[in-house]
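K.L.:
Sending over query07.csv (CSV, C-alpha atoms and all ligand atoms).
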chain,number,residue,atom,x,y,z
A,1,MET,CA,57.5,8.4,49.2
A,2,LEU,CA,54.0,8.2,47.9
A,3,PHE,CA,52.9,11.1,50.0
A,4,ASN,CA,55.8,13.2,48.6
A,5,LYS,CA,54.7,12.4,45.1
A,6,ILE,CA,51.1,13.3,45.8
A,7,LEU,CA,52.2,16.6,47.4
A,8,LYS,CA,54.4,17.4,44.4
A,9,ILE,CA,51.6,16.7,41.9
A,10,THR,CA,49.2,18.8,44.0
A,11,CYS,CA,51.6,21.7,44.1
A,12,VAL,CA,52.3,21.6,40.4
A,13,THR,CA,48.5,21.5,39.6
A,14,LEU,CA,47.9,24.4,42.0
A,15,LEU,CA,50.7,26.4,40.3
A,16,LEU,CA,49.2,25.7,36.9
A,17,LEU,CA,45.8,26.8,38.0
A,18,VAL,CA,47.1,30.0,39.5
A,19,MET,CA,49.1,30.7,36.2
A,20,HIS,CA,46.0,30.0,34.2
A,21,ALA,CA,43.9,32.4,36.4
A,22,CYS,CA,46.6,35.1,36.0
A,23,ASN,CA,46.7,34.8,32.3
A,24,LYS,CA,42.9,34.9,32.1
A,25,LYS,CA,42.9,38.0,34.3
A,26,GLN,CA,45.5,39.7,32.1
A,27,LYS,CA,43.4,38.8,29.1
A,28,GLU,CA,40.2,40.1,30.7
A,29,ASN,CA,41.9,43.3,31.6
A,30,GLY,CA,43.5,43.8,28.2
A,31,LEU,CA,42.4,46.8,26.1
A,32,LYS,CA,40.2,44.9,23.6
A,33,ALA,CA,38.1,43.4,26.5
A,34,ASN,CA,37.2,46.9,27.5
A,35,ALA,CA,36.3,48.4,24.1
A,36,GLU,CA,33.1,48.6,22.2
A,37,PHE,CA,35.0,48.8,18.9
A,38,PRO,CA,38.1,47.1,17.5
A,39,ILE,CA,41.4,48.0,19.1
A,40,GLY,CA,44.3,47.5,16.7
A,41,THR,CA,48.0,47.8,16.4
A,42,ALA,CA,50.3,48.2,13.5
A,43,ILE,CA,53.3,46.0,13.8
A,44,LYS,CA,56.3,44.8,11.7
A,45,ILE,CA,55.7,41.2,10.9
A,46,GLU,CA,59.3,40.1,11.5
A,47,THR,CA,59.3,41.8,14.9
A,48,LEU,CA,56.1,40.0,15.9
A,49,ASN,CA,57.4,36.6,14.6
A,50,ALA,CA,60.6,36.9,16.5
A,51,ASP,CA,59.2,37.8,19.9
A,52,PHE,CA,56.8,35.6,21.9
A,53,GLU,CA,56.5,38.1,24.7
A,54,LEU,CA,55.4,40.7,22.3
A,55,GLN,CA,53.0,38.3,20.7
A,56,ASP,CA,51.4,37.6,24.1
A,57,LEU,CA,50.9,41.3,24.7
A,58,GLN,CA,49.6,41.7,21.2
A,59,LYS,CA,47.1,38.9,21.6
A,60,SER,CA,45.8,40.0,25.0
A,61,ASN,CA,45.3,43.6,24.0
A,62,PHE,CA,44.3,43.8,20.4
A,63,ASN,CA,41.7,42.3,18.1
A,64,SER,CA,42.7,44.2,14.9
A,65,ILE,CA,46.1,44.2,13.2
A,66,THR,CA,47.7,46.3,10.5
A,67,SER,CA,51.0,45.5,8.9
A,68,ALA,CA,53.3,48.5,9.4
A,69,SER,CA,55.1,48.0,6.1
A,70,ASP,CA,54.6,44.6,4.5
A,71,MET,CA,51.3,45.3,2.7
A,72,LYS,CA,52.6,48.4,0.9
A,73,MET,CA,53.2,48.4,-2.8
A,74,ASN,CA,57.0,48.4,-2.7
A,75,ARG,CA,57.0,45.2,-0.6
A,76,ILE,CA,54.5,43.4,-2.8
A,77,ILE,CA,55.6,44.2,-6.2
A,78,GLU,CA,59.3,45.0,-5.9
A,79,SER,CA,59.8,44.4,-9.6
A,80,GLU,CA,57.5,44.3,-12.6
A,81,GLY,CA,55.2,41.2,-12.7
A,82,VAL,CA,56.7,39.6,-9.5
A,83,TYR,CA,54.2,39.6,-6.6
A,84,ASN,CA,55.4,38.6,-3.1
A,85,TRP,CA,52.4,37.4,-1.0
A,86,SER,CA,54.2,35.3,1.5
A,87,ARG,CA,54.6,38.0,4.2
A,88,ILE,CA,50.9,38.9,3.9
A,89,ASP,CA,49.9,35.3,4.1
A,90,GLY,CA,51.9,35.0,7.3
A,91,ILE,CA,50.2,37.9,9.0
A,92,LEU,CA,46.8,36.8,7.7
A,93,ASN,CA,47.4,33.4,9.3
A,94,TYR,CA,48.3,35.1,12.6
A,95,ALA,CA,45.2,37.3,12.4
A,96,GLN,CA,42.9,34.4,11.7
A,97,ASN,CA,44.4,32.1,14.3
A,98,ASN,CA,43.9,34.8,16.9
A,99,ASN,CA,40.5,36.1,15.9
A,100,GLN,CA,41.8,39.5,14.8
A,101,ARG,CA,40.7,41.7,12.0
A,102,LEU,CA,43.3,42.2,9.4
A,103,PHE,CA,43.3,45.8,8.1
A,104,GLY,CA,45.0,46.5,4.7
A,105,HIS,CA,47.4,49.4,4.7
A,106,ASN,CA,47.7,50.5,2.0
A,107,LEU,CA,46.9,50.4,-1.8
A,108,ILE,CA,48.1,53.7,-3.2
A,109,TRP,CA,50.7,55.9,-1.4
A,110,HIS,CA,53.4,58.0,-2.9
A,111,SER,CA,55.9,56.9,-0.3
A,112,SER,CA,55.6,53.3,-1.1
A,113,THR,CA,55.3,53.5,-4.8
A,114,PRO,CA,58.3,51.5,-6.2
A,115,LYS,CA,60.9,53.4,-8.2
A,116,TRP,CA,60.3,51.1,-11.2
A,117,VAL,CA,56.6,52.1,-11.3
A,118,GLU,CA,57.5,55.8,-11.2
A,119,GLU,CA,60.1,55.4,-13.9
A,120,LYS,CA,57.9,53.4,-16.2
A,121,ALA,CA,55.0,55.8,-15.7
A,122,LEU,CA,57.1,58.8,-16.7
A,123,LYS,CA,58.2,57.0,-19.9
A,124,ASP,CA,54.7,55.7,-20.8
A,125,THR,CA,52.0,57.8,-19.1
A,126,LEU,CA,49.1,55.6,-20.5
A,127,TRP,CA,50.5,52.6,-18.7
A,128,LEU,CA,49.9,53.8,-15.1
A,129,ALA,CA,46.1,53.6,-15.1
A,130,GLY,CA,46.2,50.0,-16.4
A,131,PHE,CA,48.8,49.1,-13.9
A,132,MET,CA,46.7,50.5,-11.0
A,133,LYS,CA,43.7,48.6,-12.1
A,134,ASP,CA,45.7,45.3,-12.4
A,135,TYR,CA,47.4,45.8,-9.1
A,136,ILE,CA,44.3,46.7,-7.1
A,137,THR,CA,42.2,44.0,-8.7
A,138,THR,CA,44.8,41.3,-8.2
A,139,TYR,CA,45.7,42.3,-4.6
A,140,VAL,CA,42.2,43.1,-3.2
A,141,GLY,CA,40.8,40.1,-5.1
A,142,ARG,CA,43.3,37.7,-3.6
A,143,TYR,CA,42.4,38.8,-0.1
A,144,LYS,CA,38.6,39.2,-0.7
A,145,GLY,CA,36.7,38.4,2.5
A,146,LYS,CA,40.0,38.1,4.4
A,147,VAL,CA,41.2,41.7,4.6
A,148,ALA,CA,38.3,43.6,6.3
A,149,GLY,CA,39.1,47.1,5.1
A,150,TRP,CA,41.7,49.0,3.2
A,151,ASP,CA,43.3,52.4,3.2
A,152,VAL,CA,42.8,52.7,-0.5
A,153,VAL,CA,44.6,56.0,-0.9
A,154,ASN,CA,47.0,57.4,1.7
A,155,GLU,CA,48.2,61.0,2.0
A,156,ALA,CA,46.9,62.5,-1.3
A,157,PHE,CA,47.3,66.0,0.2
A,158,GLU,CA,50.4,68.0,0.9
A,159,SER,CA,51.6,67.8,4.5
A,160,ALA,CA,50.0,71.2,5.3
A,161,GLY,CA,47.1,73.1,3.7
A,162,GLY,CA,44.6,71.9,1.1
A,163,ALA,CA,46.7,71.3,-2.1
A,164,MET,CA,46.9,67.9,-3.7
A,165,ARG,CA,50.2,66.3,-3.3
A,166,GLU,CA,52.2,66.1,-6.6
A,167,THR,CA,52.6,62.4,-6.7
A,168,ILE,CA,53.3,60.3,-9.8
A,169,TRP,CA,49.6,59.2,-9.5
A,170,TYR,CA,48.3,62.7,-9.5
A,171,SER,CA,50.6,64.1,-12.1
A,172,VAL,CA,50.0,61.3,-14.6
A,173,MET,CA,46.4,60.4,-14.0
A,174,GLY,CA,45.0,63.7,-12.5
A,175,LYS,CA,42.7,63.9,-9.5
A,176,ASP,CA,40.7,61.1,-10.9
A,177,TYR,CA,43.2,58.5,-9.7
A,178,ILE,CA,41.5,58.6,-6.4
A,179,ALA,CA,38.1,57.7,-7.7
A,180,LYS,CA,39.6,55.0,-9.9
A,181,ALA,CA,41.4,53.4,-7.0
A,182,PHE,CA,38.2,53.2,-4.9
A,183,THR,CA,36.2,51.9,-7.8
A,184,TYR,CA,38.7,49.1,-8.5
A,185,ALA,CA,39.0,48.1,-4.8
A,186,HIS,CA,35.2,47.9,-4.5
A,187,GLU,CA,34.8,45.8,-7.6
A,188,ALA,CA,37.4,43.4,-6.3
A,189,ASP,CA,35.8,43.1,-2.9
A,190,PRO,CA,32.3,44.7,-2.5
A,191,ASN,CA,32.3,43.9,1.2
A,192,ALA,CA,35.6,45.6,2.1
A,193,VAL,CA,35.3,48.9,4.0
A,194,LEU,CA,37.2,51.5,2.0
A,195,PHE,CA,39.1,54.4,3.6
A,196,TYR,CA,40.8,57.6,2.7
A,197,ASN,CA,43.7,58.0,5.2
A,198,ASP,CA,45.8,61.1,6.0
A,199,PHE,CA,47.8,62.9,8.8
A,200,ASN,CA,47.5,66.3,10.4
A,201,ILE,CA,43.8,66.5,9.5
A,202,GLU,CA,43.0,66.7,13.2
A,203,ARG,CA,45.0,69.9,13.5
A,204,ASP,CA,45.0,71.5,10.0
A,205,THR,CA,41.6,73.0,9.1
A,206,LEU,CA,42.5,73.7,5.5
A,207,LYS,CA,43.7,70.1,5.1
A,208,LEU,CA,40.6,68.6,6.8
A,209,ASN,CA,38.3,70.8,4.7
A,210,ALA,CA,40.0,69.8,1.5
A,211,THR,CA,39.8,66.2,2.5
A,212,LEU,CA,36.1,66.4,3.4
A,213,LYS,CA,35.4,68.2,0.1
A,214,LEU,CA,37.3,65.5,-1.8
A,215,ILE,CA,35.2,62.8,-0.1
A,216,GLU,CA,32.0,64.7,-0.7
A,217,ASP,CA,32.8,65.0,-4.4
A,218,LEU,CA,33.5,61.3,-4.6
A,219,ARG,CA,30.2,60.4,-2.9
A,220,GLU,CA,28.3,62.7,-5.2
A,221,LYS,CA,29.6,60.7,-8.1
A,222,ASN,CA,28.7,57.4,-6.3
A,223,ILE,CA,32.3,56.4,-5.8
A,224,PRO,CA,32.4,53.7,-3.1
A,225,ILE,CA,34.2,55.3,-0.1
A,226,HIS,CA,33.1,54.4,3.3
A,227,GLY,CA,35.5,55.9,5.8
A,228,LEU,CA,38.0,58.4,6.8
A,229,GLY,CA,41.2,57.5,8.6
A,230,PHE,CA,42.8,60.0,10.9
A,231,GLN,CA,46.3,58.8,11.3
A,232,MET,CA,46.5,60.8,14.5
A,233,HIS,CA,50.2,61.0,14.9
A,234,ILE,CA,49.9,63.7,17.4
A,235,ARG,CA,52.0,65.8,19.8
A,236,MET,CA,51.4,66.6,23.4
A,237,ASP,CA,50.7,70.2,22.6
A,238,ILE,CA,47.9,69.7,20.0
A,239,PRO,CA,44.9,71.0,22.0
A,240,ASP,CA,42.2,68.5,22.7
A,241,GLU,CA,39.5,71.0,21.6
A,242,VAL,CA,41.1,71.2,18.1
A,243,ILE,CA,41.1,67.4,17.8
A,244,ALA,CA,37.5,67.3,19.1
A,245,ASN,CA,36.3,69.8,16.5
A,246,ALA,CA,37.9,67.9,13.7
A,247,LEU,CA,36.4,64.6,14.8
A,248,LYS,CA,33.0,66.2,15.0
A,249,LYS,CA,33.2,67.7,11.5
A,250,ALA,CA,34.3,64.3,10.1
A,251,ALA,CA,31.7,62.3,12.1
A,252,ASP,CA,29.0,64.6,10.8
A,253,THR,CA,29.5,63.2,7.3
A,254,GLY,CA,28.3,59.8,8.5
A,255,LEU,CA,31.5,58.2,7.4
A,256,LYS,CA,33.2,55.5,9.4
A,257,ILE,CA,36.0,57.0,11.4
A,258,HIS,CA,39.2,55.1,12.1
A,259,LEU,CA,41.9,56.5,14.3
A,260,SER,CA,44.3,54.5,12.2
A,261,GLU,CA,47.9,55.2,13.4
A,262,VAL,CA,47.8,56.7,16.9
A,263,ASP,CA,50.9,57.7,18.7
A,264,ILE,CA,51.7,60.8,20.9
A,265,ILE,CA,55.1,62.4,20.9
A,266,PHE,CA,56.7,65.1,23.0
A,267,ASN,CA,59.3,66.4,20.6
A,268,THR,CA,58.5,68.0,17.2
A,269,HIS,CA,59.3,67.2,13.6
A,270,ASN,CA,58.7,68.9,10.3
A,271,ASP,CA,56.9,65.9,8.7
A,272,THR,CA,59.9,65.0,6.6
A,273,GLN,CA,62.2,62.0,7.2
A,274,TYR,CA,64.9,62.9,9.7
A,275,GLY,CA,63.2,66.2,10.3
A,276,GLY,CA,62.9,65.9,14.0
A,277,GLU,CA,63.8,68.4,16.7
A,278,GLN,CA,64.9,67.1,20.1
A,279,ILE,CA,63.4,69.2,22.8
A,280,TYR,CA,63.0,66.7,25.6
A,281,THR,CA,65.9,64.4,26.5
A,282,GLU,CA,64.3,62.3,29.1
A,283,LEU,CA,60.8,61.1,30.0
A,284,THR,CA,60.0,62.4,33.5
A,285,ASP,CA,57.1,61.1,35.7
A,286,ASP,CA,55.2,64.3,35.0
A,287,MET,CA,55.5,63.8,31.3
A,288,LYS,CA,54.3,60.2,31.7
A,289,LYS,CA,51.3,61.4,33.6
A,290,ALA,CA,50.5,64.1,31.0
A,291,GLN,CA,50.8,61.6,28.2
A,292,ALA,CA,48.4,59.2,30.0
A,293,GLU,CA,45.9,62.0,30.3
A,294,LYS,CA,46.3,62.8,26.6
A,295,TYR,CA,45.7,59.2,25.6
A,296,LYS,CA,42.7,59.0,27.9
A,297,ASN,CA,41.2,62.2,26.5
A,298,LEU,CA,41.7,61.0,22.9
A,299,VAL,CA,39.9,57.7,23.6
A,300,ILE,CA,37.1,59.6,25.4
A,301,MET,CA,36.7,62.1,22.5
A,302,TYR,CA,36.5,59.2,20.0
A,303,ARG,CA,33.9,57.4,22.1
A,304,SER,CA,31.8,60.5,22.7
A,305,ILE,CA,32.0,62.3,19.4
A,306,VAL,CA,31.9,59.5,16.9
A,307,PRO,CA,28.5,57.7,16.8
A,308,LYS,CA,28.8,54.0,17.6
A,309,ALA,CA,27.9,52.8,14.1
A,310,GLN,CA,30.7,54.9,12.7
A,311,GLN,CA,33.4,53.7,15.1
A,312,TYR,CA,35.7,51.6,12.9
A,313,GLY,CA,38.2,51.4,15.7
A,314,ILE,CA,41.4,52.8,17.2
A,315,THR,CA,44.7,51.5,15.9
A,316,PHE,CA,48.0,52.2,17.6
A,317,TRP,CA,51.0,52.6,15.3
A,318,ASP,CA,53.4,50.2,17.1
A,319,PHE,CA,52.5,49.7,20.7
A,320,THR,CA,55.9,49.7,22.4
A,321,ASP,CA,58.5,52.6,22.5
A,322,ARG,CA,61.1,49.9,21.7
A,323,ASP,CA,59.5,49.2,18.3
A,324,SER,CA,58.0,52.6,17.4
A,325,TRP,CA,58.9,54.0,14.0
A,326,ILE,CA,59.2,57.6,15.3
A,327,ASP,CA,62.9,57.6,16.5
A,328,GLY,CA,64.3,56.0,13.3
A,329,PHE,CA,62.2,58.0,10.9
A,330,PHE,CA,62.5,61.4,12.4
A,331,SER,CA,65.9,60.9,14.0
A,332,ILE,CA,64.9,61.8,17.5
A,333,THR,CA,64.4,60.0,20.8
A,334,ASP,CA,60.8,60.0,21.9
A,335,TRP,CA,58.3,57.9,23.9
A,336,PRO,CA,55.2,57.8,21.7
A,337,THR,CA,53.5,54.6,22.6
A,338,ILE,CA,51.7,52.8,25.5
A,339,TYR,CA,54.4,50.3,26.4
A,340,ASP,CA,58.0,51.1,27.3
A,341,ASP,CA,61.3,49.8,25.9
A,342,ASN,CA,61.1,46.8,28.3
A,343,LEU,CA,57.6,45.9,27.2
A,344,GLN,CA,56.1,47.2,30.5
A,345,PRO,CA,52.8,49.2,30.3
A,346,LYS,CA,53.3,52.9,30.7
A,347,PRO,CA,50.9,55.2,32.4
A,348,ALA,CA,49.8,55.9,28.9
A,349,TYR,CA,48.5,52.3,28.7
A,350,PHE,CA,46.3,52.9,31.8
A,351,GLY,CA,45.2,56.2,30.3
A,352,VAL,CA,43.8,54.3,27.3
A,353,LEU,CA,42.2,51.7,29.6
A,354,GLU,CA,40.6,54.4,31.7
A,355,GLY,CA,39.4,56.2,28.6
A,356,LEU,CA,37.8,53.0,27.4
A,357,LYS,CA,36.1,52.2,30.7
A,358,GLU,CA,35.0,55.8,31.6
A,359,GLU,CA,31.2,56.1,32.0
A,360,LEU,CA,30.0,58.6,29.4
A,401,LIG,C1,55.9,53.9,8.5
A,401,LIG,C2,56.3,52.5,9.1
A,401,LIG,O1,55.9,52.5,10.5
A,401,LIG,C3,57.8,52.5,9.1
A,401,LIG,O2,58.3,51.2,9.5
A,401,LIG,C4,58.3,52.7,7.6
A,401,LIG,O3,59.7,52.8,7.6
A,401,LIG,C5,57.7,54.0,7.1
A,401,LIG,O4,56.3,54.0,7.2
A,401,LIG,N1,52.1,57.2,7.9
A,401,LIG,C6,51.7,56.0,7.3
A,401,LIG,C7,52.5,54.8,7.6
A,401,LIG,O5,50.7,56.0,6.6
A,401,LIG,O6,52.5,53.9,6.6
A,401,LIG,C8,53.9,55.1,8.1
A,401,LIG,O7,54.5,53.9,8.5
A,401,LIG,C9,53.9,56.1,9.1
A,401,LIG,C10,53.3,57.4,8.6
Could you spell out this file's structure in structure tokens?

P.N.:
Amino acid sequence: MLFNKILKITCVTLLLLVMHACNKKQKENGLKANAEFPIGTAIKIETLNADFELQDLQKSNFNSITSASDMKMNRIIESEGVYNWSRIDGILNYAQNNNQRLFGHNLIWHSSTPKWVEEKALKDTLWLAGFMKDYITTYVGRYKGKVAGWDVVNEAFESAGGAMRETIWYSVMGKDYIAKAFTYAHEADPNAVLFYNDFNIERDTLKLNATLKLIEDLREKNIPIHGLGFQMHIRMDIPDEVIANALKKAADTGLKIHLSEVDIIFNTHNDTQYGGEQIYTELTDDMKKAQAEKYKNLVIMYRSIVPKAQQYGITFWDFTDRDSWIDGFFSITDWPTIYDDNLQPKPAYFGVLEGLKEEL
């Protein structure tokens, strides 16, 4: 009787020890343990809250987190004067409990500017600048010292080429809206790292040049801007050399460089919602391998081209194909991320890991 009991206790203890060792190993092998810079992911807060398996993967791989949607203006100030902080407080809590950097995405973006703001700004053009100041001061001030960095302005240029995007901010306040946004953010939290963030700048030279020129002009006027975010929503056929050249040009400015929204698709889209073109209907083993190579190369380019002091980190935009924004947004089926629909690591995951571990 007693012997059986002792045997049972010993077995259970051994099992617990083995489980603990496995968990530890998984943690040691996670992406963040192998990186010299923060490794982040964007995620929807409700998805994260609802799924403990996803949380485990998130915690073991990442030490930086970006909210995919809940920190955008249309979620925070859905109607005039009514701020909703509860979702952000939830993600902040999660980040703090798990020693993760919380990155703020974003302050000013045409796509998440609420309708009521646009309508009011058109009726009363003088109002918009004051609203921007209030909004940024209140928001960044509330999370001072808690949100490490911000995408202050997102996507101020047209999808292609170097023209400024005709947003409500640009048409009412002129180009100066960008300088103002950075200034207000810096005043509200002088230690926050402030970024300009955009897409296609890794492949569109005109757009990259215009972006760098904008940043140069801001710095000449002593406007506090510290970094450039390459969203890096790329496609398998964007040549690595093109990406390398863009990273080099940007790194030469001395700015911090954040790969802020990384994913890699196979199909194409025209950059507008539902504008996808389905070319591949299934993910073959060869495609998986090629994607792993592309992920690996991207990480190696970041590590070798961007000087260490300028490496703000690499952030994946969702980390499972199940949760990725791509399919819903562009209306295609694709496989952009490093984990599959069943939360299993894809070859792409191991590509990233190899890229992080590779001796340079
Ligand atoms: C996306 C989110 O992932 C989606 O959930 C949302 O429906 C639309 O926005 N560039 C950006 C991000 O800067 O904010 C976008 O995020 C993806 C493209």

K.L.:
Measuring between all atoms listed in the file, which one of A:Ile338, A:Val193, A:Leu48, A:Ala148 shows the shortest distance to Phe103 (chain A)?

P.N.:
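Smallest distance to Phe103 (chain A) is found for A:Ala148.
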
K.L.:
Got a sec to check which residues lie within 6 Å of ligand LIG 401 (chain A), using all atoms listed in the file, and send them as a list in words?

P.N.:
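For ligand LIG 401 (chain A), the residues inside 6 Å are Ala68, Ser69 and Trp325 of chain A.
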
K.L.:
Find, counting only C-alpha atoms, the residue in A:Arg75, A:Lys288, A:Arg235, A:Arg101 that gets nearest to Arg203 (chain A).

P.N.:
A:Arg235

K.L.:
Considering all atoms listed in the file, state which residue in the set A:Glu119, A:Glu53, A:Glu158, A:Glu354 is at the smallest distance from Gly30 (chain A).

P.N.:
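Result for the nearest residue to Gly30 (chain A): A:Glu354.
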
K.L.:
Distance CA of Lys44 (chain A)-CA of Tyr139 (chain A), one decimal place?

P.N.:
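Separation of CA of Lys44 (chain A) and CA of Tyr139 (chain A): 19.6 Å.
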
K.L.:
For each of A:Glu155, A:Asp198, A:Glu358, A:Glu216, take the minimum atom-to-atom distance to Arg303 (chain A), counting only C-alpha atoms, then give the residue where this is smallest.

P.N.:
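For Arg303 (chain A), the nearest of the candidates is A:Glu358.
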
K.L.:
Which is closest to Asp340 (chain A) among A:Lys72, A:Lys357, A:His269, A:Arg322, if we use all atoms listed in the file?

P.N.:
A:Arg322

K.L.:
Which residue gives the smallest distance to Thr337 (chain A) among A:Leu360, A:Ala292, A:Ile225, A:Ile91, with all atoms listed in the file counted?

P.N.:
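Checking each of A:Leu360, A:Ala292, A:Ile225, A:Ile91 against Thr337 (chain A), counting all atoms listed in the file, the winner is A:Ala292.
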
K.L.:
One number please: CA of Ile136 (chain A) to CA of Lys213 (chain A), in Å, one decimal.

P.N.:
24.4 Å

K.L.:
Just the residues within 12 Å of Arg219 (chain A), please, counting all atoms listed in the file, with nothing from its chain fewer than 5 positions along; format it as a list in words.

P.N.:
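Contacts, in chain order: Ile178, Ala179, Phe182, Thr183, Leu212, Lys213, Leu214, Pro224, Ile225, His226, Gly227, Thr253, Gly254 and Leu255 of chain A.
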
K.L.:
What's around Asn106 (chain A) at 10 Å? Count all atoms listed in the file, leave out sequence neighbours fewer than 3 positions away in its own chain, and write the answer as a list in words.

P.N.:
Thr66, Ser67, Ala68, Ser69, Asp70, Met71, Lys72, Met73, Phe103, Trp109, Ser112, Gly149, Trp150, Asp151, Val152, Val153, Asn154, Phe195, Tyr196 and Asn197 of chain A

K.L.:
For Ile314 (chain A), find every residue with an atom within 8 Å (counting only C-alpha atoms), except residues of its own chain fewer than 3 positions away, and show them as a ChimeraX atom specification.

P.N.:
/A:37-40,258-262

K.L.:
For the atom pair CA of Arg142 (chain A) and CA of Pro190 (chain A), what is the interatomic distance in Å to one decimal place?

P.N.:
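Separation between CA of Arg142 (chain A) and CA of Pro190 (chain A): 13.1 Å.
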
K.L.:
Taking a cut-off of 12 Å and counting all atoms listed in the file, can you build a table that, for each residue of region 290-316 of chain A near region 283-286 of chain A, reports the nearest atom pair and how far apart they are in Å (one decimal), sorted by chain then residue number, as a Markdown table?

P.N.:
| residue | atom | partner | partner_atom | distance |
| --- | --- | --- | --- | --- |
| A:Ala290 | CA | A:Asp286 | CA | 6.2 |
| A:Gln291 | CA | A:Asp286 | CA | 8.5 |
| A:Ala292 | CA | A:Asp286 | CA | 9.9 |
| A:Glu293 | CA | A:Asp286 | CA | 10.7 |

K.L.:
Excluding same-chain residues fewer than 5 positions from region 60-63 of chain A, what lies within 12 Å of it counting only C-alpha atoms, as JSON, numbers by chain?

P.N.:
{"A": [23, 24, 25, 26, 27, 28, 29, 30, 31, 32, 33, 34, 35, 36, 37, 38, 39, 40, 41, 42, 43, 53, 54, 55, 94, 95, 96, 97, 98, 99, 100, 101, 102, 103, 313, 314, 315, 316, 318, 319, 338, 339, 345, 349, 352, 353]}
